[in-house]
$ cat entry05.cif   # mmCIF, C-alpha atoms
data_model
#
loop_
_atom_site.group_PDB
_atom_site.id
_atom_site.type_symbol
_atom_site.label_atom_id
_atom_site.label_comp_id
_atom_site.auth_asym_id
_atom_site.auth_seq_id
_atom_site.Cartn_x
_atom_site.Cartn_y
_atom_site.Cartn_z
ATOM 1 C CA MET A 1 -25.611 144.946 71.658
ATOM 2 C CA ASN A 2 -22.279 146.523 72.553
ATOM 3 C CA GLU A 3 -20.408 143.881 70.585
ATOM 4 C CA SER A 4 -22.328 144.616 67.365
ATOM 5 C CA GLY A 5 -21.515 148.334 67.697
ATOM 6 C CA PHE A 6 -17.830 147.498 68.011
ATOM 7 C CA ARG A 7 -18.055 145.181 65.027
ATOM 8 C CA GLY A 8 -19.764 147.879 62.964
ATOM 9 C CA ARG A 9 -17.105 150.465 63.754
ATOM 10 C CA THR A 10 -14.313 148.000 63.070
ATOM 11 C CA SER A 11 -15.774 146.965 59.738
ATOM 12 C CA ARG A 12 -16.066 150.623 58.697
ATOM 13 C CA TRP A 13 -12.382 151.199 59.448
ATOM 14 C CA VAL A 14 -11.403 148.036 57.580
ATOM 15 C CA PHE A 15 -13.496 149.100 54.576
ATOM 16 C CA LEU A 16 -12.037 152.626 54.657
ATOM 17 C CA GLY A 17 -8.506 151.203 54.795
ATOM 18 C CA PHE A 18 -9.253 148.902 51.866
ATOM 19 C CA VAL A 19 -10.650 151.783 49.801
ATOM 20 C CA LEU A 20 -7.634 153.988 50.559
ATOM 21 C CA ILE A 21 -5.135 151.261 49.687
ATOM 22 C CA ALA A 22 -7.011 150.321 46.512
ATOM 23 C CA GLY A 23 -7.245 153.987 45.496
ATOM 24 C CA TYR A 24 -3.518 154.473 46.073
ATOM 25 C CA PHE A 25 -2.573 151.511 43.888
ATOM 26 C CA LEU A 26 -5.116 152.475 41.248
ATOM 27 C CA LEU A 27 -3.683 155.982 40.982
ATOM 28 C CA THR A 28 -0.046 154.884 41.034
ATOM 29 C CA GLU A 29 -0.547 152.245 38.365
ATOM 30 C CA HIS A 30 -2.682 154.413 36.083
ATOM 31 C CA ARG A 31 -1.014 157.794 36.683
ATOM 32 C CA ALA A 32 -0.191 158.273 32.989
ATOM 33 C CA HIS A 33 -3.831 157.807 32.027
ATOM 34 C CA VAL A 34 -5.101 160.117 34.769
ATOM 35 C CA VAL A 35 -2.601 162.907 34.090
ATOM 36 C CA GLN A 36 -3.478 163.175 30.417
ATOM 37 C CA PHE A 37 -7.084 164.078 31.299
ATOM 38 C CA LEU A 38 -6.273 166.788 33.890
ATOM 39 C CA PRO A 39 -6.508 169.714 31.431
ATOM 40 C CA PHE A 40 -9.986 168.567 30.432
ATOM 41 C CA VAL A 41 -11.011 168.299 34.083
ATOM 42 C CA LEU A 42 -9.892 171.895 34.633
ATOM 43 C CA LEU A 43 -11.807 173.062 31.570
ATOM 44 C CA LEU A 44 -14.908 171.251 32.797
ATOM 45 C CA ALA A 45 -14.526 172.672 36.299
ATOM 46 C CA CYS A 46 -14.685 176.277 35.059
ATOM 47 C CA PRO A 47 -18.281 176.241 33.767
ATOM 48 C CA LEU A 48 -19.413 174.064 36.654
ATOM 49 C CA LEU A 49 -18.048 176.585 39.148
ATOM 50 C CA HIS A 50 -19.774 179.417 37.305
ATOM 51 C CA ILE A 51 -23.073 177.545 37.345
ATOM 52 C CA PHE A 52 -23.073 176.277 40.931
ATOM 53 C CA HIS A 53 -21.010 178.818 42.879
ATOM 54 C CA GLY A 54 -22.697 181.553 44.865
ATOM 55 C CA HIS A 55 -26.105 182.145 43.347
ATOM 56 C CA GLY A 56 -27.892 184.858 45.258
ATOM 57 C CA VAL A 57 -24.900 185.866 47.360
ATOM 58 C CA HIS A 58 -23.690 188.770 45.249
ATOM 59 C CA GLY A 59 -25.098 191.312 47.730
ATOM 60 C CA GLY A 60 -25.320 194.210 45.320
ATOM 61 C CA GLY A 61 -27.583 195.321 42.605
ATOM 62 C CA ASP A 62 -30.568 197.636 42.653
ATOM 63 C CA LYS A 63 -31.671 197.984 46.273
ATOM 64 C CA ARG A 64 -34.399 200.523 45.547
ATOM 65 C CA ASP A 65 -38.005 199.472 45.693
ATOM 66 C CA LYS A 66 -39.555 199.011 42.262
ATOM 67 C CA THR A 67 -42.366 201.514 43.045
ATOM 68 C CA GLU A 68 -39.899 204.361 43.785
ATOM 69 C CA ARG A 69 -38.551 204.538 40.250
ATOM 70 C CA PRO A 70 -39.185 207.816 38.509
ATOM 71 C CA GLY A 71 -41.150 207.507 35.303
ATOM 72 C CA SER A 72 -42.863 204.250 36.212
#
$ encode --input "entry05.cif" --output "structure tokens"
Amino acid sequence: MNESGFRGRTSRWVFLGFVLIAGYFLLTEHRAHVVQFLPFVLLLACPLLHIFHGHGVHGGGDKRDKTERPGS
């Protein structure tokens, strides 16, 4: 049982190393293609940040109870 745990951890490190090395060579060989799309990635990131960042955390607004409003 101990041997399979060691094998599992070792295989994860080998896989992680393979992914890092493959990612490095992929980015270095295709840098010109990746760099030309960076402005579009930034433009896409802006609306995504507005949509997904901090809903309900604004902490302000109307703190009065709705029944305390004059004229209601």
$ atom_distance --input "entry05.cif" --atom1 "atom CA of Leu44 of chain A" --atom2 "atom CA of Gly23 of chain A"
22.8 Å
$ atom_distance --input "entry05.cif" --atom1 "atom CA of Leu20 of chain A" --atom2 "atom CA of Leu42 of chain A"
24.1 Å
$ atom_distance --input "entry05.cif" --atom1 "atom CA of Gly17 of chain A" --atom2 "atom CA of His33 of chain A"
24.2 Å
$ axis_aligned_box --input "entry05.cif" --around "segment 4-9 of chain A" --padding-each-side "8 Å" --output "lines of an AutoDock Vina configuration file"
center_x = -19.7
center_y = 147.5
center_z = 65.5
size_x = 21.2
size_y = 21.8
size_z = 21.0
